[in-house]
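Participant: What follows is the file upload.txt, containing compact mmCIF, C-alpha atoms:
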```txt
# COMPACT_ATOMS: atom_id res chain seq x y z
CA MET A 1 2.32 0.13 -8.92
CA SER A 2 5.59 -0.83 -7.28
CA ASN A 3 9.02 0.71 -6.78
CA CYS A 4 12.40 -0.96 -6.99
CA SER A 5 15.94 0.26 -7.23
CA ILE A 6 18.05 0.03 -10.36
CA GLU A 7 20.09 -2.68 -8.65
CA GLN A 8 16.96 -4.72 -7.89
CA LEU A 9 15.70 -4.28 -11.44
CA HIS A 10 19.01 -5.47 -12.88
CA ALA A 11 19.13 -8.40 -10.46
CA PHE A 12 15.64 -9.50 -11.47
CA TYR A 13 16.60 -9.47 -15.16
CA VAL A 14 20.14 -10.79 -14.73
CA GLN A 15 19.78 -13.57 -17.33
CA GLU A 16 18.31 -11.19 -19.90
CA ARG A 17 21.12 -8.70 -19.30
CA LEU A 18 23.81 -11.37 -19.71
CA LEU A 19 22.26 -12.48 -22.98
CA PHE A 20 21.95 -8.91 -24.24
CA VAL A 21 25.64 -8.27 -23.51
CA LYS A 22 26.49 -11.45 -25.41
CA LEU A 23 24.42 -10.35 -28.41
CA VAL A 24 25.92 -6.87 -28.74
CA GLN A 25 29.48 -7.53 -27.60
CA LYS A 26 30.41 -11.16 -28.23
CA PHE A 27 28.22 -11.68 -31.32
CA SER A 28 28.62 -8.08 -32.56
CA ARG A 29 24.93 -7.71 -33.42
CA SER A 30 23.53 -4.24 -33.93
CA LEU A 31 21.81 -2.62 -30.98
CA ALA A 32 18.47 -2.35 -32.77
CA GLU A 33 18.44 -6.02 -33.79
CA SER A 34 19.61 -7.14 -30.34
CA LEU A 35 16.87 -5.16 -28.62
CA LEU A 36 14.26 -6.70 -30.93
CA VAL A 37 15.65 -10.20 -30.34
CA MET A 38 15.35 -9.71 -26.57
CA ALA A 39 11.84 -8.25 -26.90
CA THR A 40 10.85 -11.23 -29.06
CA TRP A 41 12.16 -13.71 -26.47
CA LEU A 42 10.36 -11.82 -23.71
CA TRP A 43 7.14 -12.00 -25.71
CA LEU A 44 7.63 -15.74 -26.30
CA GLU A 45 8.09 -16.22 -22.57
CA ASP A 46 4.87 -14.31 -21.91
CA PHE A 47 3.19 -16.28 -24.73
CA GLY A 48 3.67 -19.46 -22.72
CA PHE A 49 7.31 -20.58 -22.85
CA GLU A 50 8.02 -19.67 -19.25
CA HIS A 51 11.56 -21.06 -18.95
CA ILE A 52 12.94 -19.77 -22.23
CA PHE A 53 15.77 -17.75 -20.66
CA SER A 54 16.90 -20.58 -18.40
CA VAL A 55 16.97 -22.84 -21.46
CA ILE A 56 18.94 -20.33 -23.53
CA MET A 57 21.44 -19.64 -20.74
CA ALA A 58 22.25 -23.37 -20.53
CA LEU A 59 23.22 -23.54 -24.23
CA ASN A 60 26.61 -23.01 -25.84
CA ASP A 61 27.36 -19.89 -27.87
CA PRO A 62 26.74 -21.40 -31.33
CA LEU A 63 23.25 -22.51 -30.28
CA ILE A 64 22.50 -19.15 -28.67
CA ALA A 65 23.61 -17.43 -31.88
CA ALA A 66 21.35 -19.78 -33.88
CA LEU A 67 18.39 -18.99 -31.61
CA ALA A 68 19.08 -15.28 -32.03
CA ASN A 69 19.09 -15.70 -35.81
CA GLU A 70 15.73 -17.45 -35.59
CA ALA A 71 14.36 -14.73 -33.31
CA VAL A 72 15.18 -12.31 -36.13
CA LEU A 73 13.16 -14.53 -38.49
CA CYS A 74 10.30 -14.40 -35.98
CA PHE A 75 9.99 -10.63 -35.81
CA ARG A 76 10.71 -10.19 -39.52
CA CYS A 77 7.90 -12.54 -40.47
CA LEU A 78 5.56 -10.23 -38.55
CA GLU A 79 6.56 -7.38 -40.87
CA SER A 80 5.31 -9.26 -43.93
CA GLU A 81 1.78 -9.13 -45.28
CA GLU A 82 2.21 -12.71 -46.50
CA PRO A 83 2.28 -15.71 -44.13
CA PRO A 84 5.55 -17.67 -43.97
CA ASN A 85 5.92 -20.50 -46.48
CA GLY A 86 6.84 -24.10 -45.71
CA PHE A 87 10.52 -23.40 -46.25
CA SER A 88 10.64 -20.68 -43.59
CA GLN A 89 11.25 -22.53 -40.35
CA ILE A 90 12.92 -22.07 -36.99
CA PRO A 91 14.23 -25.60 -36.26
CA VAL A 92 16.50 -24.74 -33.32
CA THR A 93 13.76 -22.78 -31.56
CA ALA A 94 11.22 -25.53 -32.31
CA GLU A 95 13.53 -28.07 -30.67
CA PHE A 96 13.10 -26.30 -27.33
CA MET A 97 9.63 -24.81 -27.79
CA ASP A 98 6.59 -26.17 -29.56
CA ILE A 99 6.28 -23.23 -31.93
CA SER A 100 6.71 -22.31 -35.58
CA LEU A 101 6.69 -19.20 -37.72
CA GLN A 102 3.18 -20.14 -38.82
CA ILE A 103 1.95 -20.09 -35.20
CA ILE A 104 3.66 -16.76 -34.59
CA TYR A 105 2.11 -15.31 -37.75
CA GLN A 106 -1.33 -16.59 -36.72
CA ASN A 107 -0.88 -14.49 -33.57
CA ARG A 108 0.57 -11.62 -35.57
CA TYR A 109 -1.25 -8.70 -34.00
CA SER A 110 -0.77 -9.93 -30.45
CA ALA A 111 2.91 -10.58 -31.22
CA ILE A 112 3.49 -7.10 -32.66
CA THR A 113 1.70 -5.50 -29.71
CA GLY A 114 3.62 -7.65 -27.23
CA ILE A 115 7.04 -7.06 -28.75
CA LYS A 116 6.35 -3.32 -28.91
CA ASN A 117 5.46 -3.24 -25.26
CA PHE A 118 8.37 -5.34 -24.04
CA LEU A 119 10.63 -3.14 -26.13
CA THR A 120 9.36 0.09 -24.58
CA THR A 121 8.49 -0.96 -21.01
CA VAL A 122 11.19 -3.53 -20.24
CA CYS A 123 14.11 -3.44 -22.70
CA SER A 124 14.37 0.35 -22.62
CA ARG A 125 14.94 0.18 -18.87
CA ILE A 126 16.92 -2.94 -18.08
CA PHE A 127 19.46 -2.45 -20.89
CA SER A 128 19.93 1.33 -20.75
CA ASP A 129 23.40 1.21 -19.17
CA ILE A 130 24.58 -1.45 -21.64
CA VAL A 131 23.20 0.50 -24.60
CA GLN A 132 24.99 3.60 -23.36
CA GLN A 133 28.31 1.78 -23.09
CA VAL A 134 28.03 0.34 -26.62
CA LEU A 135 26.82 3.49 -28.39
CA PRO A 136 29.40 5.88 -29.86
CA SER A 137 29.53 9.12 -27.88
CA SER A 138 28.05 11.03 -30.84
CA TYR A 139 24.70 9.29 -30.22
CA ILE A 140 24.55 10.52 -26.62
CA THR A 141 23.36 14.11 -26.82
CA SER A 142 22.77 14.94 -23.14
CA HIS A 143 21.83 13.47 -19.78
CA ASN A 144 18.23 14.61 -20.25
CA GLN A 145 17.67 13.38 -23.81
CA PRO A 146 16.95 9.82 -25.04
CA LEU A 147 19.83 7.92 -26.61
CA ILE A 148 19.86 7.87 -30.41
CA ILE A 149 19.74 4.21 -31.47
CA PRO A 150 20.30 3.54 -35.19
CA GLY A 151 17.42 1.50 -36.60
CA PHE A 152 14.71 3.22 -34.56
CA PRO A 153 11.99 4.18 -35.01
CA HIS A 154 11.34 0.78 -36.54
CA PRO A 155 8.69 0.61 -39.31
CA THR A 156 6.78 -2.16 -37.49
CA PHE A 157 7.68 -1.84 -33.82
CA GLY A 158 7.96 1.92 -33.56
CA SER A 159 10.36 3.89 -31.40
CA ILE A 160 12.19 3.12 -28.17
CA ASN A 161 12.92 5.73 -25.53
CA VAL A 162 16.19 4.82 -23.78
CA MET A 163 17.39 7.45 -21.35
CA PRO A 164 21.09 7.66 -20.39
CA SER A 165 21.79 5.44 -17.43
CA VAL A 166 21.63 7.37 -14.19
CA ALA A 167 23.72 4.69 -12.52
CA SER A 168 26.68 5.12 -14.83
CA LEU A 169 26.44 8.91 -15.19
CA ASP A 170 25.65 10.15 -11.72
CA ASN A 171 26.91 7.51 -9.28
CA PHE A 172 23.36 6.33 -8.66
CA SER A 173 22.28 5.79 -5.06
CA SER A 174 20.02 2.90 -4.10
CA ARG A 175 17.82 5.44 -2.31
CA ASN A 176 16.72 6.71 -5.72
CA LEU A 177 13.88 4.52 -6.87
CA PHE A 178 13.21 3.42 -10.44
CA HIS A 179 9.48 3.31 -11.01
CA ILE A 180 8.08 0.37 -12.97
CA PRO A 181 4.52 -0.89 -13.37
CA SER A 182 3.27 -3.67 -11.14
CA GLY A 183 3.45 -7.28 -12.24
CA ILE A 184 6.40 -9.36 -13.34
CA TRP A 185 6.67 -7.80 -16.78
CA GLY A 186 4.91 -4.53 -16.06
CA TRP A 187 2.20 -4.96 -18.67
CA ASN A 188 -0.59 -7.21 -19.78
CA ALA A 189 -1.17 -7.85 -23.47
CA SER A 190 -4.90 -8.34 -23.06
CA CYS A 191 -5.24 -4.97 -21.33
CA ILE A 192 -3.26 -2.74 -23.68
CA ALA A 193 -4.04 -4.09 -27.14
CA THR A 194 -5.07 -1.21 -29.39
CA GLU A 195 -8.48 -0.99 -31.04
CA ASN A 196 -6.93 -2.03 -34.34
CA ASP A 197 -5.51 -5.13 -32.68
CA ARG A 198 -8.97 -5.95 -31.33
CA THR A 199 -10.82 -5.52 -34.62
CA LEU A 200 -12.25 -8.33 -36.71
CA PHE A 201 -13.14 -7.81 -40.35
CA LEU A 202 -15.81 -10.25 -41.46
CA THR A 203 -16.52 -10.73 -45.17
CA PHE A 204 -19.70 -12.38 -46.39
CA SER A 205 -20.77 -13.71 -49.78
CA ARG A 206 -22.75 -11.37 -51.97
CA GLY A 207 -26.48 -11.98 -51.93
CA ILE A 208 -26.46 -13.68 -48.52
CA PRO A 209 -27.27 -10.94 -45.99
CA VAL A 210 -26.20 -11.43 -42.37
CA SER A 211 -27.60 -9.16 -39.69
CA GLU A 212 -25.65 -7.54 -36.87
CA ALA A 213 -27.76 -9.48 -34.38
CA GLU A 214 -26.76 -12.77 -35.98
CA VAL A 215 -23.08 -11.88 -35.84
CA ARG A 216 -23.35 -10.85 -32.20
CA LEU A 217 -25.18 -14.08 -31.36
CA VAL A 218 -22.44 -16.25 -32.88
CA PHE A 219 -19.69 -14.53 -30.90
CA THR A 220 -21.54 -14.19 -27.60
CA GLU A 221 -22.56 -17.86 -27.66
CA LYS A 222 -18.95 -18.92 -28.17
CA TYR A 223 -16.99 -16.27 -26.24
CA GLY A 224 -19.47 -14.48 -23.99
CA GLU A 225 -20.17 -10.75 -23.96
CA THR A 226 -16.98 -9.72 -25.76
CA VAL A 227 -18.35 -7.44 -28.49
CA LEU A 228 -17.93 -3.78 -27.58
CA ARG A 229 -19.63 -2.31 -30.61
CA ALA A 230 -20.38 -3.09 -34.21
CA PHE A 231 -20.72 -0.96 -37.31
CA THR A 232 -22.82 -1.11 -40.44
CA TYR A 233 -21.83 -2.84 -43.64
CA LEU A 234 -19.37 -1.22 -46.00
CA SER A 235 -21.57 -1.47 -49.06
CA THR A 236 -18.79 -1.38 -51.65
CA VAL A 237 -16.98 -4.45 -50.41
CA GLU A 238 -19.59 -5.92 -48.07
CA THR A 239 -17.14 -6.12 -45.21
CA TYR A 240 -18.41 -5.99 -41.66
CA PRO A 241 -15.94 -4.71 -39.03
CA MET A 242 -16.65 -5.50 -35.39
CA ARG A 243 -14.88 -4.41 -32.22
CA THR A 244 -14.24 -7.27 -29.80
```
As structure tokens, what does this structure read like?
Facilitator:
Amino acid sequence: MSNCSIEQLHAFYVQERLLFVKLVQKFSRSLAESLLVMATWLWLEDFGFEHIFSVIMALNDPLIAALANEAVLCFRCLESEEPPNGFSQIPVTAEFMDISLQIIYQNRYSAITGIKNFLTTVCSRIFSDIVQQVLPSSYITSHNQPLIIPGFPHPTFGSINVMPSVASLDNFSSRNLFHIPSGIWGWNASCIATENDRTLFLTFSRGIPVSEAEVRLVFTEKYGETVLRAFTYLSTVETYPMRT
């Protein structure tokens, strides 16, 4: 674990903060949507597009607005039970990153988990002062209570706990440390994925029995000792769930 001051935290995320201000003030996007856009971009960066924020910062406002619109398409496609069709595309994003809505949907559970975590562990902290400035005073109940952000809890990405900014309320001193987890982003998707996100449901044809040992053998030969535990068949639908 590591400690850093509010000033250091804001300096580290200066590009993200500038973009967030642009979303909520210049583009007049709602706070909830802007937070989800930023969490989606942070997840994409962690997914492999390491220079996404440098790329976005170099663009003009119309292109940034277009990328934000496509980020909305990205997290909304994760809310659907149906994969995106051929007409649902993100051409501006694809011009700068080799990605599509289909790829994002294929990584749906990792994406949902990642966006949730960036929302709650990063966005809730680095944007708290900006959120407080934008929110009407009626949504700020007290210094000790989270800010009320319309649109949260979100049906897919859950709630976000944004505390009133100490810096803007109490003349924050750099001697007061803001505690964040170690690592650049403060989390690791592979470490915090829930059991549901690490569950495979395997369906086999009726009349062709497959043993647990055979299933384990297939996965351990390809991926190593990754299976934590397996359960018996569900006889009604012949579906075999396995924890990986």
Participant: Considering all atoms listed in the file, state which residue in the set A:Ser54, A:Thr120, A:Ser34, A:Gln89 is at the smallest distance from A:Gly158.
Facilitator: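 The closest residue to A:Gly158 is A:Thr120.
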Participant: For A:Pro83, list every protein, DNA or RNA residue within 9 Å, evaluated using all atoms listed in the file, and leave out those in the same chain fewer than 2 positions away; present the list as JSON, numbers by chain.
Facilitator: {"A": [77, 78, 80, 81, 85, 101, 102, 105, 106]}
Participant: I'd like the neighbourhood of A:Ile52 as a list of chain:residue names, where a residue qualifies if any of its atoms comes within 9 Å (using all atoms listed in the file), though same-chain residues fewer than 2 positions away should be ignored.
Facilitator: A:Trp41, A:Leu42, A:Leu44, A:Glu45, A:Phe49, A:Glu50, A:Ser54, A:Val55, A:Ile56, A:Met57, A:Phe96, A:Met97
Participant: A:Ser30: which residues within 12 Å, counting all atoms listed in the file, same-chain residues fewer than 2 positions away excluded, as JSON, numbers by chain?
Facilitator: {"A": [20, 21, 22, 23, 24, 25, 26, 27, 28, 32, 33, 34, 35, 36, 37, 72, 131, 134, 135, 149, 150, 151, 152]}
Participant: Measuring atom to atom with only C-alpha atoms, identify which of A:Tyr13, A:Pro155, A:Glu70, A:Met163 is nearest to A:Thr141.
Facilitator: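 Among the listed residues, the smallest separation from A:Thr141 belongs to A:Met163.
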Participant: Point out the residue among A:Glu95, A:Glu7, A:Asp46, A:Glu16 with the least atom-to-atom distance to A:Asn117, counting only C-alpha atoms.
Facilitator: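 Distance minimum relative to A:Asn117 lands on A:Asp46.
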Participant: What does the distance from atom CA of A:His154 to atom CA of A:Trp43 come to in Å, to one decimal?
Facilitator: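 One can read the atom CA of A:His154 to atom CA of A:Trp43 distance as 17.3 Å.
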Participant: From the set A:Leu18, A:Ala58, A:Ile103, A:Leu147, which residue has the shortest atom-to-atom contact distance to A:Ser128, counting all atoms listed in the file?
Facilitator: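 Nearest to A:Ser128: A:Leu147.
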Participant: For atom CA of A:Phe157 and atom CA of A:Pro136, quote the distance in Å rounded to one decimal.
Facilitator: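 Distance reported for this atom pair: 23.4 Å.
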Participant: Between atom CA of A:Ile112 and atom CA of A:Ala66, what is the distance in Å, rounded to a tenth?
Facilitator: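 Between these atoms lies a distance of 21.9 Å.
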Participant: Give the answer as one residue: which of A:Asp61, A:Ala39, A:Phe127, A:Asn107 has the shortest atom-to-atom distance to A:Ile6, using all atoms listed in the file?
Facilitator: A:Phe127
